[in-house]
Structures are given as structure tokens and as C-alpha cells.
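Peer 1: Pasting in a structure now, in C-alpha cells, and then I'll have a few things to ask.
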Amino acid sequence: MKVLLIGSGGREHALAWKLAQSPRLQALYAAPGNPGIFEHAEPAGINPDDHAAVVAFVKDKGIGLVVVGPEAPLVAGLADVLRAENIAVFGPSAKAAQLEGSKGFTKDICAKYNIPTGAYQRFTDGEAAKAYVREQGAPIVVKADGLAAGKGVTVAMTLDEALAAIDECFGGAFGEAGAEVVVEAFLDGEEASFFVLSDGQHALALATAQDHKRVGDGDTGPNTGGMGAYSPAPVMTPAMVERTMKDIIEPTIAGMAAEGMPFSGVFFAGLMITAKGPELIEYNVRFGDPECQVLMTRLKSDLLPLLYATATGTLDQVSAEWHDGPALTVVMASKGYPGSYDKNTPITALPATGDGEKIFHAGTALKDGQLVATGGRVLNVTATGATVAEAKNRAYALVDGIAWDNGFCRRDIGWRAVAREQS
């Protein structure tokens, strides 16, 4: 089968790396891609925002499956355009992608179908939002409604923080994404990420992960798109996974179908494991980044049949096997991230990787033959081990072999799981 992969980040490099291992793969193309992705795929040379060009390329090359990596093309309706041409596509329709594209939409679905989540209100007026926050008190959570690249969420521990976050959203810090704000109750517990494939009717649970959102060691500083992750998440016991499927995932699949927008693709459920059980923080409608990197490293099964079954409504005919050992990834970012940072800084050396080790490219490019950093999050340094502590040590040994003066990373990825192992 020939496959076209849409995207250019670390998540897509992980998908390309895993798809390239499939004995069923004839050819893999990517757009726009990055230097790491092009170790496994041929450049398609098309702009994914040009839907007509994507369709023409697919027909010209005889592509059997299009895999859409990031959320923006899904929210923009790329999957709808492809499905209208009877092209198999992994990723939800624009309507179903509202589960990520609008936090308020997701909250309304949760309310209608009794899916456990924090109490909330939606606002299009800053003063009304502030009045509600003053009434509720802190801690409280303020979210830009739309897509904000993982940065439009403030977990405000004080009233002043919450009021400032509302001003930031309505002040245009997140563009159109902040035109509406969702204010919701603070959930106390341990966060986990849970990934489930859905073909609109059937569900296949994949695996769990935990990521580290804040930029600094000890979970300090502003939120980012993610500074590292590990899988599996110890807090997601088999009983907790079963309960999450029954209370959150299955009602969402049934609810979306009942709303006339069946969900086909991957649910990335951000969960808070509270004293009451699992509660939904938010949905993403694509693989996490950097969670995808640790998931693909642990996946024993061939990825291609899983994605194709999701795209073609035959998910009940496949299953997924996993390596037992954990995987951990450390994000190397440009100094200054998540604020402003210099672009096109040279990465002069990457270390050789052994079994169970991989450096995924996220924000890189080749300029005159030199590898340079073009993004905020640039490299995802990934390793496996018999324990999280071993995977962590292997990943940081690789980090220390990278020659990039403008790079930095957190040094404590996996700290919760390591502490659990040592207790």
C-alpha cells in the first residue's frame, strides 16, 4: 500500500518511522515533512493546505491511505475533502474535530452525554468571565476555546493569575482561538494521557502516557506543547483503563454518532485521575506530541493495518500488541521557548543510536547541508528500558551527546514514575 503522511513535527517523524517498518508498505510520501521524516519517506512536494493539490497527488500516485498527523488540517476539513473522493483517510471530519477545535463544544458534549469532567462556563465577554472567576475563586482553569498549539490553558492557582489569563485571551494573545473562553473547575489528582482508535462505531484502546507540560524542572514555569513524556502511565491501571473506556470513551463515540458526526481517528484523552475516578480534562483528535514518540516506540504491532482499519470501519478485525518495558522521550527546545527564540541555529552533531533508542526530528531543516533548528521544540530524544529510570538514563545519555549550543531541556522527565519505582 502507498501512504501519504501529512505533517512536519516529531509526532509525524515517529509515525513515519513506524509506518516504514510495515511489510505492507509499498511507498511512503510526506508533506511538508522534515529531515528526519525524509529518512523514511519521499517528499510529496505539495502544500497540505491546498486540498485540491492533495487530492490530485493521491490520485496521481495511487495512494491507498492518507494519514493526517496534526490537528489544524483536520479542523480545516482535509479529511472531509478526501472522503468525498472515496480516499481512505486516518483522521476525523471537521465536525468531529471540533472535539479539539472547540473546548466549549467538548464540554457541551460531556454535559449532554454524562461524561465526567470539571464544571464549566463559556464566555465571549471578558468582564462576565472575570465576574464568574471572582465568584468561584481559585484555583481555577482558564482556556482559550480554539486551537492554541497547547499554550492556551492556564491553571490559575490565584485569582490574579486567572484574571490575567482572561485578559490575555481576550487581548488577542491566541488570535481567534481566544475569542471565546472556557472557565472550568480545577480538578485535583494525577494527569494521564490515554489513546484510543475509533472508526466511528468500534473502539480499540491503545496505550497510556504522561507528559510534562511546564517548561521548567519540578513542573515550574509556563505551559508548553510538552517537554517530555513516558509510557505507560503507572496511574492508569487495567481497572482505570476499563473505567475510562466505559465512562468516557464509549459514551463519546455513541454521542458523536448520535449527533450525526461519527468520530473516526484517534482519541487523545487528557485525563485527571481524581478521588472520584477518571475525569476528562480535554480531547485532542490526533496523536499527542511528544506522547506519540513513546507510543510508537512501544508498539509491537504493525501500525499500518491499525490506521487502515480505523479509516475503513474495520477496527473490530485488528488488535494491538505492546512491548512491556517503558519508553521515555526528552524534548530539546530552542532557548527562550515557549517565548521568542532564535531560528536557524546550527545542530552540529547527533549521537549514534542503538536498539531501543531514536532521536525524532520536530523543528529542524537542512540549510546548505547543515542541520538547523527552526522551531521551539526541535528534537525528541527517545529511549526504552526495563524501568522508567533506565529509559530516562539512556535518553539523557543521548541528550548529552547532542551538539547544539542553543538547545535546552528539562532534566527531570519521568520523575513521578521514577519516584514510584524507588518507593
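Going through the C-alpha cells in order, the chains are called A, B, and so on, while each chain numbers its residues from 1 and the ligands are numbered from 1 in the order shown.
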From a DSSP pass on the backbone, collect the residues of segment 160-280 of chain A flagged as strand (DSSP E or B) and hand them back as a PyMOL selection string.

Peer 2: chain A and resi 181-185+190-199+203-211+214-216+220-223+228-231+264-274+277-280

Peer 1: Residues within 10 Å of Ile87 of chain A, please, as an MDAnalysis selection string. Count only C-alpha atoms; anything in the same chain fewer than 4 positions from it doesn't count.

Peer 2: chainID A and resid 55 58:59 62:66 79:83 311:312

Peer 1: Write the residues of the preceding selection, restricted to C-alpha atoms, as a JSON list (two decimals), in the first residue's frame.

Peer 2:
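And here's out_22.json as it stands now:
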[["chain", "number", "residue", "atom", "x", "y", "z"],
["A", 55, "VAL", "CA", -6.37, 15.05, -3.87],
["A", 58, "VAL", "CA", -3.21, 11.00, -4.10],
["A", 59, "LYS", "CA", -4.90, 10.09, -7.39],
["A", 62, "GLY", "CA", -2.36, 5.70, -6.36],
["A", 63, "ILE", "CA", -2.22, 6.40, -2.61],
["A", 64, "GLY", "CA", -4.21, 3.85, -0.58],
["A", 65, "LEU", "CA", -4.24, 5.75, 2.74],
["A", 66, "VAL", "CA", -3.71, 9.34, 3.83],
["A", 79, "ALA", "CA", -10.40, 14.54, 5.84],
["A", 80, "ASP", "CA", -13.84, 15.57, 4.51],
["A", 81, "VAL", "CA", -12.39, 16.53, 1.12],
["A", 82, "LEU", "CA", -10.56, 13.20, 0.84],
["A", 83, "ARG", "CA", -13.57, 11.13, 1.93],
["A", 311, "ALA", "CA", -10.09, 4.62, 8.24],
["A", 312, "THR", "CA", -12.25, 1.87, 6.72]]

Peer 1: Between A:Cys169, A:Arg286, A:Glu279, A:Gly137, single out the one closest to Phe263 of chain A, counting only C-alpha atoms.

Peer 2: A:Arg286

Peer 1: For each of A:Ile115, A:Val142, A:Ala373, A:Val378, take the minimum atom-to-atom distance to Asp247 of chain A, counting only C-alpha atoms, then give the residue where this is smallest.

Peer 2: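 Closest to Asp247 of chain A, using only C-alpha atoms: A:Ile115.
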
Peer 1: Could you tell me how far atom CA of Arg411 of chain A sits from atom CA of Gly354 of chain A, in Å to one decimal place?

Peer 2: 21.3 Å

Peer 1: Rounded to one decimal in Å, what is the spacing between atom CA of Ile273 of chain A and atom CA of Tyr337 of chain A?

Peer 2: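 Atom CA of Tyr337 of chain A lies at a distance of 29.0 Å from atom CA of Ile273 of chain A.
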
Peer 1: Separation of atom CA of Glu250 of chain A and atom CA of Arg416 of chain A, in Å?

Peer 2: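 Straight-line distance from atom CA of Glu250 of chain A to atom CA of Arg416 of chain A works out to 29.0 Å.
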
Peer 1: Could you pull the residues within 8 Å of Met261 of chain A, counting only C-alpha atoms, minus those fewer than 5 positions along the same chain, as a compact mmCIF listing (two decimals) with N, CA and C atoms, in the first residue's frame?

Peer 2:
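result_32.txt, written as the output of this step:
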# COMPACT_ATOMS: atom_id res chain seq x y z
N SER A 93 -13.55 13.99 10.60
CA SER A 93 -14.16 15.08 9.83
C SER A 93 -13.98 16.39 10.59
N LYS A 95 -16.31 18.39 11.49
CA LYS A 95 -17.31 18.46 12.57
C LYS A 95 -16.85 17.67 13.79
N ALA A 96 -16.34 16.46 13.56
CA ALA A 96 -15.87 15.64 14.68
C ALA A 96 -14.61 16.22 15.31
N MET A 256 -21.17 11.18 19.69
CA MET A 256 -20.78 11.81 18.42
C MET A 256 -21.56 11.20 17.26

Peer 1: Excluding Ala72 of chain A and any residue of its chain fewer than 4 positions from it, enumerate the residues within 9 Å of it, using only C-alpha atoms, and give them as a ChimeraX atom specification.

Peer 2: /A:76-77,101,147

Peer 1: For Thr353 of chain A, work out the shell of residues within 12 Å, counting only C-alpha atoms and skipping chain neighbours fewer than 5 positions away, then give it as JSON, numbers by chain.

Peer 2: {"A": [358, 359, 360, 381, 382, 383, 384, 394, 395, 397, 398, 399, 401, 402]}

Peer 1: Residues of segment 139-350 of chain A in alpha helix (DSSP H) according to DSSP, as JSON, numbers by chain?

Peer 2: {"A": [159, 160, 161, 162, 163, 164, 165, 166, 167, 168, 169, 170, 238, 239, 240, 241, 242, 243, 244, 250, 251, 252, 253, 254, 255, 256, 257, 258, 291, 292, 293, 294, 295, 296, 297, 298, 303, 304, 305, 306, 307, 308, 309, 310, 311, 312]}

Peer 1: Within 9 Å of Ala44 of chain A, counting only C-alpha atoms, which residues qualify if same-chain residues fewer than 2 places away don't, as a PyMOL selection string?

Peer 2: chain A and resi 4+29-33+41-42+46-47+57

Peer 1: List the neighbours of Pro290 of chain A out to 12 Å using only C-alpha atoms; skip same-chain residues closer than 3 positions along the sequence, and give me the result as a count of residues only.

Peer 2: 46

Peer 1: Using only C-alpha atoms, find the one residue out of A:Gly414, A:Pro43, A:Pro251, A:Gly369 that sits nearest to Gly200 of chain A.

Peer 2: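 The closest residue to Gly200 of chain A is A:Pro251.
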
Peer 1: From the set A:Ser423, A:Gly216, A:Gly265, A:Ala144, which residue has the shortest atom-to-atom contact distance to Gly175 of chain A, counting only C-alpha atoms?

Peer 2: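 Checking each candidate against Gly175 of chain A, we get A:Ala144 as the closest.
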
Peer 1: Pick from A:Val372, A:Ala275, A:Leu99, A:Ala417: nearest to Thr387 of chain A, with only C-alpha atoms counted?

Peer 2: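 Going through A:Val372, A:Ala275, A:Leu99, A:Ala417 one by one, the smallest distance to Thr387 of chain A is for A:Ala417.
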